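Trainee: Handing over structure13.cif, mmCIF, C-alpha atoms.
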```cif
data_data
loop_
_atom_site.group_PDB
_atom_site.id
_atom_site.type_symbol
_atom_site.label_atom_id
_atom_site.label_comp_id
_atom_site.auth_asym_id
_atom_site.auth_seq_id
_atom_site.Cartn_x
_atom_site.Cartn_y
_atom_site.Cartn_z
ATOM 1 C CA MET A 1 -21.059 -181.079 -40.001
ATOM 2 C CA ASN A 2 -19.561 -179.426 -43.101
ATOM 3 C CA THR A 3 -18.542 -175.782 -43.409
ATOM 4 C CA LYS A 4 -21.526 -174.788 -45.541
ATOM 5 C CA LEU A 5 -23.975 -176.224 -43.017
ATOM 6 C CA LEU A 6 -22.063 -174.542 -40.192
ATOM 7 C CA ARG A 7 -22.904 -171.113 -41.626
ATOM 8 C CA GLN A 8 -26.569 -172.077 -41.941
ATOM 9 C CA VAL A 9 -27.002 -173.233 -38.344
ATOM 10 C CA SER A 10 -24.816 -170.703 -36.536
ATOM 11 C CA TRP A 11 -23.433 -167.199 -36.741
ATOM 12 C CA VAL A 12 -19.655 -167.211 -37.089
ATOM 13 C CA GLY A 13 -18.049 -163.784 -36.799
ATOM 14 C CA ASP A 14 -14.635 -164.639 -38.214
ATOM 15 C CA ARG A 15 -14.623 -161.654 -40.578
ATOM 16 C CA TYR A 16 -14.618 -159.306 -37.578
ATOM 17 C CA VAL A 17 -11.608 -160.821 -35.805
ATOM 18 C CA VAL A 18 -8.567 -158.561 -35.748
ATOM 19 C CA GLY A 19 -5.283 -160.414 -36.076
ATOM 20 C CA LYS A 20 -4.833 -163.923 -34.761
ATOM 21 C CA THR A 21 -7.895 -165.765 -33.414
ATOM 22 C CA ARG A 22 -7.154 -166.245 -29.727
ATOM 23 C CA GLY A 23 -10.379 -167.879 -28.596
ATOM 24 C CA ILE A 24 -13.930 -168.915 -29.455
ATOM 25 C CA ILE A 25 -16.676 -166.991 -27.644
ATOM 26 C CA LEU A 26 -19.980 -168.853 -27.640
ATOM 27 C CA ARG A 27 -23.105 -166.674 -27.317
ATOM 28 C CA PHE A 28 -26.219 -168.542 -26.172
ATOM 29 C CA ALA A 29 -29.607 -166.921 -26.745
ATOM 30 C CA GLY A 30 -32.428 -166.383 -24.275
ATOM 31 C CA LEU A 31 -35.828 -168.070 -24.229
ATOM 32 C CA ASN A 32 -37.914 -167.692 -27.425
ATOM 33 C CA ALA A 33 -35.058 -166.128 -29.411
ATOM 34 C CA THR A 34 -35.438 -167.030 -33.075
ATOM 35 C CA TRP A 35 -33.314 -164.348 -34.746
ATOM 36 C CA VAL A 36 -30.731 -165.018 -37.413
ATOM 37 C CA ARG A 37 -27.780 -162.640 -37.420
ATOM 38 C CA ASP A 38 -26.301 -160.848 -40.384
ATOM 39 C CA GLN A 39 -23.660 -158.852 -38.513
ATOM 40 C CA GLN A 40 -21.742 -158.624 -35.260
ATOM 41 C CA ASP A 41 -24.336 -157.953 -32.585
ATOM 42 C CA SER A 42 -22.952 -155.276 -30.299
ATOM 43 C CA TYR A 43 -20.186 -152.887 -29.332
ATOM 44 C CA GLY A 44 -19.048 -155.433 -26.773
ATOM 45 C CA GLU A 45 -18.686 -158.188 -29.334
ATOM 46 C CA LEU A 46 -16.738 -155.893 -31.645
ATOM 47 C CA THR A 47 -14.420 -155.149 -28.729
ATOM 48 C CA TRP A 48 -13.936 -158.878 -28.178
ATOM 49 C CA ALA A 49 -13.254 -159.400 -31.880
ATOM 50 C CA ALA A 50 -10.650 -156.642 -31.767
ATOM 51 C CA ALA A 51 -8.916 -158.641 -29.011
ATOM 52 C CA GLY A 52 -8.917 -161.806 -31.138
ATOM 53 C CA GLY A 53 -12.222 -163.284 -29.983
ATOM 54 C CA LEU A 54 -14.193 -165.271 -32.559
ATOM 55 C CA VAL A 55 -17.861 -164.776 -31.624
ATOM 56 C CA VAL A 56 -20.106 -167.734 -32.459
ATOM 57 C CA ALA A 57 -23.875 -167.828 -31.918
ATOM 58 C CA PRO A 58 -25.288 -171.335 -32.425
ATOM 59 C CA TYR A 59 -28.900 -171.218 -33.665
ATOM 60 C CA HIS A 60 -30.234 -173.644 -31.078
ATOM 61 C CA ASN A 61 -33.863 -174.422 -30.318
ATOM 62 C CA PRO A 62 -35.506 -171.354 -28.675
ATOM 63 C CA TRP A 63 -36.691 -173.703 -25.897
ATOM 64 C CA ALA A 64 -33.358 -175.498 -25.618
ATOM 65 C CA TRP A 65 -32.478 -175.263 -21.915
ATOM 66 C CA MET A 66 -29.116 -176.803 -22.893
ATOM 67 C CA ASN A 67 -30.541 -180.308 -23.132
ATOM 68 C CA ASP A 68 -28.269 -183.115 -24.354
ATOM 69 C CA GLU A 69 -29.265 -182.585 -27.980
ATOM 70 C CA THR A 70 -28.252 -178.931 -27.762
ATOM 71 C CA VAL A 71 -24.947 -179.764 -26.078
ATOM 72 C CA ASN A 72 -24.108 -182.246 -28.845
ATOM 73 C CA PHE A 73 -25.089 -179.701 -31.507
ATOM 74 C CA VAL A 74 -22.893 -176.968 -30.011
ATOM 75 C CA ASP A 75 -20.008 -179.407 -29.599
ATOM 76 C CA ASP A 76 -20.302 -180.245 -33.305
ATOM 77 C CA VAL A 77 -20.333 -176.527 -34.169
ATOM 78 C CA VAL A 78 -17.138 -176.012 -32.166
ATOM 79 C CA ASP A 79 -15.460 -179.028 -33.785
ATOM 80 C CA THR A 80 -16.355 -177.779 -37.265
ATOM 81 C CA ILE A 81 -15.087 -174.266 -36.530
ATOM 82 C CA ILE A 82 -11.776 -175.571 -35.232
ATOM 83 C CA SER A 83 -11.387 -177.843 -38.245
ATOM 84 C CA SER A 84 -12.581 -175.496 -41.000
ATOM 85 C CA LEU A 85 -10.724 -172.431 -39.723
ATOM 86 C CA ARG A 86 -7.650 -174.505 -38.812
ATOM 87 C CA LEU A 87 -7.588 -173.334 -35.230
ATOM 88 C CA PRO A 88 -5.568 -175.034 -32.475
ATOM 89 C CA LYS A 89 -7.459 -177.907 -30.869
ATOM 90 C CA ASN A 90 -6.724 -176.421 -27.440
ATOM 91 C CA ILE A 91 -7.931 -172.901 -28.325
ATOM 92 C CA PRO A 92 -9.754 -171.254 -25.371
ATOM 93 C CA ILE A 93 -13.543 -171.607 -25.498
ATOM 94 C CA ILE A 94 -15.546 -169.034 -23.542
ATOM 95 C CA SER A 95 -19.187 -169.768 -22.754
ATOM 96 C CA THR A 96 -21.536 -166.745 -22.490
ATOM 97 C CA GLY A 97 -25.222 -165.831 -22.504
ATOM 98 C CA GLY A 98 -28.115 -164.148 -20.726
ATOM 99 C CA SER A 99 -31.281 -165.497 -19.082
ATOM 100 C CA MET A 100 -31.870 -168.964 -20.605
ATOM 101 C CA GLY A 101 -28.641 -168.245 -22.452
ATOM 102 C CA GLY A 102 -26.974 -167.626 -19.098
ATOM 103 C CA HIS A 103 -28.221 -171.002 -17.948
ATOM 104 C CA GLY A 104 -26.911 -172.421 -21.211
ATOM 105 C CA ALA A 105 -23.497 -170.849 -20.681
ATOM 106 C CA LEU A 106 -23.238 -172.395 -17.210
ATOM 107 C CA ALA A 107 -24.675 -175.787 -18.155
ATOM 108 C CA TYR A 108 -22.547 -176.082 -21.286
ATOM 109 C CA SER A 109 -19.497 -175.487 -19.107
ATOM 110 C CA PHE A 110 -20.082 -178.751 -17.245
ATOM 111 C CA LYS A 111 -21.798 -180.770 -20.002
ATOM 112 C CA SER A 112 -19.597 -180.112 -23.045
ATOM 113 C CA ARG A 113 -17.004 -182.588 -24.243
ATOM 114 C CA HIS A 114 -14.739 -179.570 -24.762
ATOM 115 C CA ARG A 115 -12.805 -177.950 -21.962
ATOM 116 C CA ILE A 116 -14.283 -174.508 -21.317
ATOM 117 C CA ALA A 117 -11.800 -171.770 -20.392
ATOM 118 C CA ALA A 118 -14.215 -169.270 -18.788
ATOM 119 C CA CYS A 119 -17.917 -168.528 -18.391
ATOM 120 C CA TYR A 120 -19.861 -165.246 -18.349
ATOM 121 C CA ALA A 121 -23.538 -165.447 -17.328
ATOM 122 C CA HIS A 122 -25.883 -162.427 -17.406
ATOM 123 C CA CYS A 123 -29.101 -162.640 -15.314
ATOM 124 C CA PRO A 124 -28.821 -166.429 -15.566
ATOM 125 C CA VAL A 125 -31.336 -169.092 -14.694
ATOM 126 C CA CYS A 126 -29.401 -171.220 -12.196
ATOM 127 C CA ASP A 127 -32.113 -173.440 -10.697
ATOM 128 C CA LEU A 128 -34.399 -175.071 -13.281
ATOM 129 C CA LEU A 129 -36.404 -176.833 -10.583
ATOM 130 C CA PHE A 130 -37.351 -173.498 -9.008
ATOM 131 C CA HIS A 131 -37.688 -171.710 -12.340
ATOM 132 C CA TYR A 132 -40.247 -174.282 -13.537
ATOM 133 C CA SER A 133 -42.862 -172.643 -11.307
ATOM 134 C CA GLU A 134 -41.424 -169.127 -11.284
ATOM 135 C CA ARG A 135 -43.543 -168.038 -14.261
ATOM 136 C CA THR A 136 -46.564 -169.555 -15.985
ATOM 137 C CA ASP A 137 -44.941 -169.482 -19.432
ATOM 138 C CA LEU A 138 -42.060 -171.746 -18.431
ATOM 139 C CA PRO A 139 -43.322 -175.319 -17.828
ATOM 140 C CA ARG A 140 -44.220 -175.987 -21.471
ATOM 141 C CA THR A 141 -40.743 -174.939 -22.577
ATOM 142 C CA MET A 142 -39.036 -177.317 -20.156
ATOM 143 C CA HIS A 143 -41.293 -180.258 -20.980
ATOM 144 C CA SER A 144 -40.468 -179.649 -24.636
ATOM 145 C CA ALA A 145 -36.732 -179.394 -23.954
ATOM 146 C CA PHE A 146 -36.530 -182.564 -21.925
ATOM 147 C CA GLY A 147 -38.820 -184.679 -24.062
ATOM 148 C CA SER A 148 -41.497 -185.623 -21.567
ATOM 149 C CA TYR A 149 -44.910 -184.441 -20.418
ATOM 150 C CA GLY A 150 -44.641 -186.398 -17.194
ATOM 151 C CA ASP A 151 -42.536 -185.762 -14.109
ATOM 152 C CA ILE A 152 -39.286 -184.094 -15.233
ATOM 153 C CA ARG A 153 -37.894 -183.097 -11.841
ATOM 154 C CA THR A 154 -34.932 -185.469 -12.142
ATOM 155 C CA ARG A 155 -33.990 -183.951 -15.505
ATOM 156 C CA LEU A 156 -34.367 -180.424 -14.194
ATOM 157 C CA ILE A 157 -32.015 -181.190 -11.308
ATOM 158 C CA ALA A 158 -29.494 -182.863 -13.631
ATOM 159 C CA ASN A 159 -29.397 -179.750 -15.813
ATOM 160 C CA SER A 160 -29.419 -177.125 -13.039
ATOM 161 C CA PRO A 161 -26.079 -175.500 -12.206
ATOM 162 C CA LEU A 162 -27.254 -174.918 -8.625
ATOM 163 C CA HIS A 163 -27.779 -178.667 -8.177
ATOM 164 C CA GLN A 164 -24.602 -179.644 -10.033
ATOM 165 C CA ILE A 165 -21.943 -177.652 -8.203
ATOM 166 C CA ALA A 166 -19.558 -180.613 -8.111
ATOM 167 C CA ARG A 167 -19.636 -180.792 -11.918
ATOM 168 C CA MET A 168 -18.919 -177.092 -12.448
ATOM 169 C CA PRO A 169 -15.329 -176.855 -13.748
ATOM 170 C CA ASP A 170 -12.715 -174.888 -11.858
ATOM 171 C CA ILE A 171 -12.529 -171.937 -14.264
ATOM 172 C CA PRO A 172 -13.123 -168.176 -13.955
ATOM 173 C CA TYR A 173 -16.799 -167.164 -13.836
ATOM 174 C CA LEU A 174 -18.415 -163.749 -14.203
ATOM 175 C CA PHE A 175 -22.004 -163.247 -13.053
ATOM 176 C CA ILE A 176 -23.995 -160.067 -13.599
ATOM 177 C CA HIS A 177 -27.534 -159.841 -12.224
ATOM 178 C CA GLY A 178 -29.817 -156.853 -11.827
ATOM 179 C CA LYS A 179 -31.519 -156.192 -8.521
ATOM 180 C CA LYS A 180 -34.686 -155.106 -10.406
ATOM 181 C CA ASP A 181 -34.945 -158.338 -12.394
ATOM 182 C CA LYS A 182 -38.570 -159.533 -12.246
ATOM 183 C CA ALA A 183 -38.220 -162.352 -14.786
ATOM 184 C CA VAL A 184 -35.407 -164.337 -13.132
ATOM 185 C CA SER A 185 -35.151 -163.801 -9.393
ATOM 186 C CA LYS A 186 -31.680 -162.655 -8.435
ATOM 187 C CA LYS A 187 -31.960 -163.984 -4.882
ATOM 188 C CA ASP A 188 -33.193 -167.403 -6.008
ATOM 189 C CA HIS A 189 -30.732 -167.863 -8.850
ATOM 190 C CA SER A 190 -27.420 -165.975 -8.992
ATOM 191 C CA ASP A 191 -27.238 -165.190 -5.260
ATOM 192 C CA LYS A 192 -27.614 -168.858 -4.329
ATOM 193 C CA LEU A 193 -25.333 -170.232 -7.031
ATOM 194 C CA VAL A 194 -22.552 -167.717 -6.438
ATOM 195 C CA LYS A 195 -22.609 -168.456 -2.711
ATOM 196 C CA ALA A 196 -22.523 -172.215 -3.298
ATOM 197 C CA MET A 197 -19.754 -171.975 -5.894
ATOM 198 C CA ARG A 198 -17.580 -169.811 -3.666
ATOM 199 C CA LYS A 199 -18.083 -172.302 -0.854
ATOM 200 C CA LYS A 200 -16.718 -174.977 -3.192
ATOM 201 C CA GLY A 201 -13.721 -172.808 -4.010
ATOM 202 C CA ARG A 202 -14.732 -171.757 -7.513
ATOM 203 C CA ARG A 203 -13.349 -168.479 -8.885
ATOM 204 C CA VAL A 204 -16.395 -166.230 -9.162
ATOM 205 C CA GLN A 205 -16.729 -162.516 -9.863
ATOM 206 C CA TYR A 206 -20.234 -161.261 -9.086
ATOM 207 C CA ILE A 207 -21.605 -157.866 -10.118
ATOM 208 C CA GLU A 208 -24.930 -156.948 -8.517
ATOM 209 C CA ALA A 209 -26.360 -154.111 -10.611
ATOM 210 C CA THR A 210 -28.647 -151.921 -8.497
ATOM 211 C CA GLU A 211 -30.721 -150.352 -11.285
ATOM 212 C CA MET A 212 -30.708 -153.207 -13.798
ATOM 213 C CA ALA A 213 -33.868 -155.092 -14.821
ATOM 214 C CA HIS A 214 -33.827 -158.435 -16.616
ATOM 215 C CA CYS A 215 -30.992 -158.563 -19.154
ATOM 216 C CA ALA A 216 -31.244 -154.788 -19.473
ATOM 217 C CA PRO A 217 -28.465 -152.835 -21.158
ATOM 218 C CA THR A 218 -25.359 -152.634 -19.026
ATOM 219 C CA TYR A 219 -23.626 -149.429 -17.988
ATOM 220 C CA TRP A 220 -19.928 -148.663 -18.391
ATOM 221 C CA PRO A 221 -18.760 -150.276 -15.122
ATOM 222 C CA GLU A 222 -20.390 -153.564 -16.150
ATOM 223 C CA ILE A 223 -19.246 -153.243 -19.770
ATOM 224 C CA ASN A 224 -15.664 -152.625 -18.657
ATOM 225 C CA ALA A 225 -15.805 -155.612 -16.300
ATOM 226 C CA ILE A 226 -17.154 -157.867 -19.072
ATOM 227 C CA ASN A 227 -14.528 -156.754 -21.575
ATOM 228 C CA THR A 228 -11.729 -157.197 -19.037
ATOM 229 C CA PHE A 229 -13.009 -160.674 -18.178
ATOM 230 C CA ILE A 230 -13.157 -161.714 -21.844
ATOM 231 C CA ARG A 231 -9.708 -160.314 -22.646
ATOM 232 C CA GLN A 232 -8.193 -162.191 -19.707
ATOM 233 C CA ALA A 233 -9.934 -165.407 -20.775
ATOM 234 C CA LEU A 234 -8.568 -165.007 -24.311
ATOM 235 C CA GLY A 235 -5.061 -165.006 -22.794
#
```
Using the file provided, produce a representation of the structure as structure tokens.

Mentor:
Amino acid sequence: MNTKLLRQVSWVGDRYVVGKTRGIILRFAGLNATWVRDQQDSYGELTWAAAGGLVVAPYHNPWAWMNDETVNFVDDVVDTIISSLRLPKNIPIISTGGSMGGHGALAYSFKSRHRIAACYAHCPVCDLLFHYSERTDLPRTMHSAFGSYGDIRTRLIANSPLHQIARMPDIPYLFIHGKKDKAVSKKDHSDKLVKAMRKKGRRVQYIEATEMAHCAPTYWPEINAINTFIRQALG
């Protein structure tokens, strides 16, 4: 991938970084997201950029579910960024996202050829096998992502963080999930994965937001926790 193509297939927020670039922060989009950015997306991202975080939003398929094609694409984006911006090959890479993007952040952490330094998942889908039947709009997206209109249970399990605990790297994780989330069940996704990861000795911070619906705006306690997590991951 060349530098010109990189800017066409991903958002790269290098012009917002203050001082030395200390890490790459990948932002994975939720289901059906087809936007193309023209500026830094939020106060939080500007805060990260001020701490040296280079925010990158790969424009992946809106029904991606972090399939192998998407993993390879994001890996190529990261390689091109490191090469074109002359960043250290061992620069910290932080994987983040919400909903399907939260699933993507978790799955990319164990599927990428790069070593991920930390992962932040907001209202994430953690169990694709369960999520397949959680809502009627979901099956078609997963059949599309995994290239089959037959039985895809094996592929769903292989790409589900909840079913791949042993593959989850030993890195810091931050989960935030709202108790009023009706799109991605907190008790069937984050609650189960956090419990299983802690049992395996993973380093997990879990914020259970009482008044939060699905991927709703966060309040200052959550925002402060996110920013602290990112700053620590940047080193």

Trainee: Against region 90-102 of chain A, which residues of region 117-174 of chain A fall within 6 Å? For each one I want the closest pair of atoms and the distance in Å (one decimal), counting only C-alpha atoms, rows by chain and increasing residue number, as a Markdown table.

Mentor:
```
| residue | atom | partner | partner_atom | distance |
| --- | --- | --- | --- | --- |
| A:Ala117 | CA | A:Ile93 | CA | 5.4 |
| A:Ala118 | CA | A:Ile94 | CA | 4.9 |
| A:Cys119 | CA | A:Ser95 | CA | 4.7 |
| A:Tyr120 | CA | A:Thr96 | CA | 4.7 |
| A:Ala121 | CA | A:Gly102 | CA | 4.4 |
| A:His122 | CA | A:Gly98 | CA | 4.4 |
| A:Cys123 | CA | A:Ser99 | CA | 5.2 |
| A:Pro124 | CA | A:Gly102 | CA | 4.2 |
| A:Val125 | CA | A:Ser99 | CA | 5.7 |
```

Trainee: Give the answer as one residue: which of A:Ala225, A:Ala33, A:Met168, A:Leu6 has the shortest atom-to-atom distance to Arg202 (chain A), using all atoms listed in the file?

Mentor: A:Met168

Trainee: Choose the residue, out of A:Lys186, A:Arg22, A:Lys111, A:His143, that has the smallest atom-to-atom separation from Pro161 (chain A); count only C-alpha atoms.

Mentor: A:Lys111

Trainee: Could you write out as a VMD selection string the residues that the PyMOL selection byres ((chain A and resi 62-68) around 9) matches in the shown file?

Mentor: chain A and resid 29 to 34 59 to 61 69 to 73 100 to 101 103 to 105 107 to 108 111 128 141 to 142 144 to 146 159

Trainee: Can you pull out every residue within 9 Å of Lys20 (chain A), counting only C-alpha atoms, but drop anything in the same chain fewer than 3 positions away, and send it as a PDB file with C-alpha atoms, in the frame of the given file?

Mentor:
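Here's the written file out-v8.pdb:
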```pdb
ATOM      1  CA  VAL A  17     -11.608-160.821 -35.805  1.00  0.00           C
ATOM      2  CA  ALA A  51      -8.916-158.641 -29.011  1.00  0.00           C
ATOM      3  CA  GLY A  52      -8.917-161.806 -31.138  1.00  0.00           C
ATOM      4  CA  GLY A  53     -12.222-163.284 -29.983  1.00  0.00           C
TER       5      GLY A  53
END
```

Trainee: Set out as a tab-separated table a contact list for region 111-225 of chain A and region 75-84 of chain A with a cut-off of 9 Å, giving each residue of region 111-225 of chain A that qualifies its closest atom pair and distance in Å to one decimal, counting all atoms listed in the file, ordered by chain and rising residue number.

Mentor:
```
residue	atom	partner	partner_atom	distance
A:Ser112	CA	A:Asp75	CA	6.6
A:Arg113	CA	A:Asp75	CA	6.9
A:His114	CA	A:Asp75	CA	7.2
```

Trainee: Can you spell out as a ChimeraX atom specification the set of residues that the PyMOL selection byres ((chain A and resi 190) around 8) selects in the structure I just provided?

Mentor: /A:123-126,175,177,186-189,191-194

Trainee: Can you rebuild region 161-191 of chain A with N, CA and C atoms and give it as a PDB file, keeping the file's coordinate frame?

Mentor:
```pdb
ATOM      1  N   PRO A 161     -27.379-175.798 -12.811  1.00  0.00           N
ATOM      2  CA  PRO A 161     -26.079-175.500 -12.206  1.00  0.00           C
ATOM      3  C   PRO A 161     -26.107-175.495 -10.684  1.00  0.00           C
ATOM      4  N   LEU A 162     -27.173-174.973 -10.086  1.00  0.00           N
ATOM      5  CA  LEU A 162     -27.254-174.918  -8.625  1.00  0.00           C
ATOM      6  C   LEU A 162     -27.223-176.303  -8.000  1.00  0.00           C
ATOM      7  N   HIS A 163     -27.741-177.298  -8.700  1.00  0.00           N
ATOM      8  CA  HIS A 163     -27.779-178.667  -8.177  1.00  0.00           C
ATOM      9  C   HIS A 163     -26.614-179.511  -8.676  1.00  0.00           C
ATOM     10  N   GLN A 164     -25.727-178.902  -9.453  1.00  0.00           N
ATOM     11  CA  GLN A 164     -24.602-179.644 -10.033  1.00  0.00           C
ATOM     12  C   GLN A 164     -23.269-178.956  -9.751  1.00  0.00           C
ATOM     13  N   ILE A 165     -23.152-178.402  -8.563  1.00  0.00           N
ATOM     14  CA  ILE A 165     -21.943-177.652  -8.203  1.00  0.00           C
ATOM     15  C   ILE A 165     -20.683-178.493  -8.402  1.00  0.00           C
ATOM     16  N   ALA A 166     -20.742-179.761  -8.020  1.00  0.00           N
ATOM     17  CA  ALA A 166     -19.558-180.613  -8.111  1.00  0.00           C
ATOM     18  C   ALA A 166     -19.085-180.785  -9.546  1.00  0.00           C
ATOM     19  N   ARG A 167     -19.997-180.628 -10.506  1.00  0.00           N
ATOM     20  CA  ARG A 167     -19.636-180.792 -11.918  1.00  0.00           C
ATOM     21  C   ARG A 167     -19.145-179.493 -12.559  1.00  0.00           C
ATOM     22  N   MET A 168     -19.338-178.374 -11.884  1.00  0.00           N
ATOM     23  CA  MET A 168     -18.919-177.092 -12.448  1.00  0.00           C
ATOM     24  C   MET A 168     -17.386-177.031 -12.491  1.00  0.00           C
ATOM     25  N   PRO A 169     -16.794-176.833 -13.667  1.00  0.00           N
ATOM     26  CA  PRO A 169     -15.329-176.855 -13.748  1.00  0.00           C
ATOM     27  C   PRO A 169     -14.697-175.700 -12.990  1.00  0.00           C
ATOM     28  N   ASP A 170     -13.456-175.903 -12.596  1.00  0.00           N
ATOM     29  CA  ASP A 170     -12.715-174.888 -11.858  1.00  0.00           C
ATOM     30  C   ASP A 170     -12.105-173.908 -12.854  1.00  0.00           C
ATOM     31  N   ILE A 171     -12.918-172.953 -13.282  1.00  0.00           N
ATOM     32  CA  ILE A 171     -12.529-171.937 -14.264  1.00  0.00           C
ATOM     33  C   ILE A 171     -13.015-170.576 -13.758  1.00  0.00           C
ATOM     34  N   PRO A 172     -12.582-169.486 -14.352  1.00  0.00           N
ATOM     35  CA  PRO A 172     -13.123-168.176 -13.955  1.00  0.00           C
ATOM     36  C   PRO A 172     -14.580-168.015 -14.406  1.00  0.00           C
ATOM     37  N   TYR A 173     -15.397-167.448 -13.526  1.00  0.00           N
ATOM     38  CA  TYR A 173     -16.799-167.164 -13.836  1.00  0.00           C
ATOM     39  C   TYR A 173     -17.077-165.688 -13.566  1.00  0.00           C
ATOM     40  N   LEU A 174     -17.901-165.095 -14.439  1.00  0.00           N
ATOM     41  CA  LEU A 174     -18.415-163.749 -14.203  1.00  0.00           C
ATOM     42  C   LEU A 174     -19.936-163.807 -14.229  1.00  0.00           C
ATOM     43  N   PHE A 175     -20.553-163.371 -13.137  1.00  0.00           N
ATOM     44  CA  PHE A 175     -22.004-163.247 -13.053  1.00  0.00           C
ATOM     45  C   PHE A 175     -22.368-161.770 -12.998  1.00  0.00           C
ATOM     46  N   ILE A 176     -23.391-161.389 -13.744  1.00  0.00           N
ATOM     47  CA  ILE A 176     -23.995-160.067 -13.599  1.00  0.00           C
ATOM     48  C   ILE A 176     -25.497-160.272 -13.471  1.00  0.00           C
ATOM     49  N   HIS A 177     -26.085-159.685 -12.420  1.00  0.00           N
ATOM     50  CA  HIS A 177     -27.534-159.841 -12.224  1.00  0.00           C
ATOM     51  C   HIS A 177     -28.104-158.539 -11.661  1.00  0.00           C
ATOM     52  N   GLY A 178     -29.186-158.082 -12.256  1.00  0.00           N
ATOM     53  CA  GLY A 178     -29.817-156.853 -11.827  1.00  0.00           C
ATOM     54  C   GLY A 178     -30.734-157.042 -10.636  1.00  0.00           C
ATOM     55  N   LYS A 179     -30.681-156.106  -9.713  1.00  0.00           N
ATOM     56  CA  LYS A 179     -31.519-156.192  -8.521  1.00  0.00           C
ATOM     57  C   LYS A 179     -32.988-155.930  -8.831  1.00  0.00           C
ATOM     58  N   LYS A 180     -33.297-155.369 -10.012  1.00  0.00           N
ATOM     59  CA  LYS A 180     -34.686-155.106 -10.406  1.00  0.00           C
ATOM     60  C   LYS A 180     -35.209-156.149 -11.397  1.00  0.00           C
ATOM     61  N   ASP A 181     -34.532-157.266 -11.483  1.00  0.00           N
ATOM     62  CA  ASP A 181     -34.945-158.338 -12.394  1.00  0.00           C
ATOM     63  C   ASP A 181     -36.217-158.999 -11.866  1.00  0.00           C
ATOM     64  N   LYS A 182     -37.305-158.927 -12.643  1.00  0.00           N
ATOM     65  CA  LYS A 182     -38.570-159.533 -12.246  1.00  0.00           C
ATOM     66  C   LYS A 182     -38.865-160.815 -13.027  1.00  0.00           C
ATOM     67  N   ALA A 183     -38.006-161.152 -13.975  1.00  0.00           N
ATOM     68  CA  ALA A 183     -38.220-162.352 -14.786  1.00  0.00           C
ATOM     69  C   ALA A 183     -37.446-163.554 -14.253  1.00  0.00           C
ATOM     70  N   VAL A 184     -36.251-163.295 -13.732  1.00  0.00           N
ATOM     71  CA  VAL A 184     -35.407-164.337 -13.132  1.00  0.00           C
ATOM     72  C   VAL A 184     -34.910-163.788 -11.798  1.00  0.00           C
ATOM     73  N   SER A 185     -35.436-164.328 -10.720  1.00  0.00           N
ATOM     74  CA  SER A 185     -35.151-163.801  -9.393  1.00  0.00           C
ATOM     75  C   SER A 185     -33.664-163.870  -9.056  1.00  0.00           C
ATOM     76  N   LYS A 186     -33.087-162.712  -8.800  1.00  0.00           N
ATOM     77  CA  LYS A 186     -31.680-162.655  -8.435  1.00  0.00           C
ATOM     78  C   LYS A 186     -31.391-163.467  -7.176  1.00  0.00           C
ATOM     79  N   LYS A 187     -32.236-163.319  -6.157  1.00  0.00           N
ATOM     80  CA  LYS A 187     -31.960-163.984  -4.882  1.00  0.00           C
ATOM     81  C   LYS A 187     -32.125-165.500  -4.956  1.00  0.00           C
ATOM     82  N   ASP A 188     -32.951-165.962  -5.903  1.00  0.00           N
ATOM     83  CA  ASP A 188     -33.193-167.403  -6.008  1.00  0.00           C
ATOM     84  C   ASP A 188     -32.318-168.082  -7.049  1.00  0.00           C
ATOM     85  N   HIS A 189     -31.581-167.286  -7.814  1.00  0.00           N
ATOM     86  CA  HIS A 189     -30.732-167.863  -8.850  1.00  0.00           C
ATOM     87  C   HIS A 189     -29.266-167.487  -8.616  1.00  0.00           C
ATOM     88  N   SER A 190     -28.846-166.326  -9.074  1.00  0.00           N
ATOM     89  CA  SER A 190     -27.420-165.975  -8.992  1.00  0.00           C
ATOM     90  C   SER A 190     -26.909-165.905  -7.554  1.00  0.00           C
ATOM     91  N   ASP A 191     -27.698-165.304  -6.652  1.00  0.00           N
ATOM     92  CA  ASP A 191     -27.238-165.190  -5.260  1.00  0.00           C
ATOM     93  C   ASP A 191     -26.912-166.566  -4.685  1.00  0.00           C
TER      94      ASP A 191
END
```
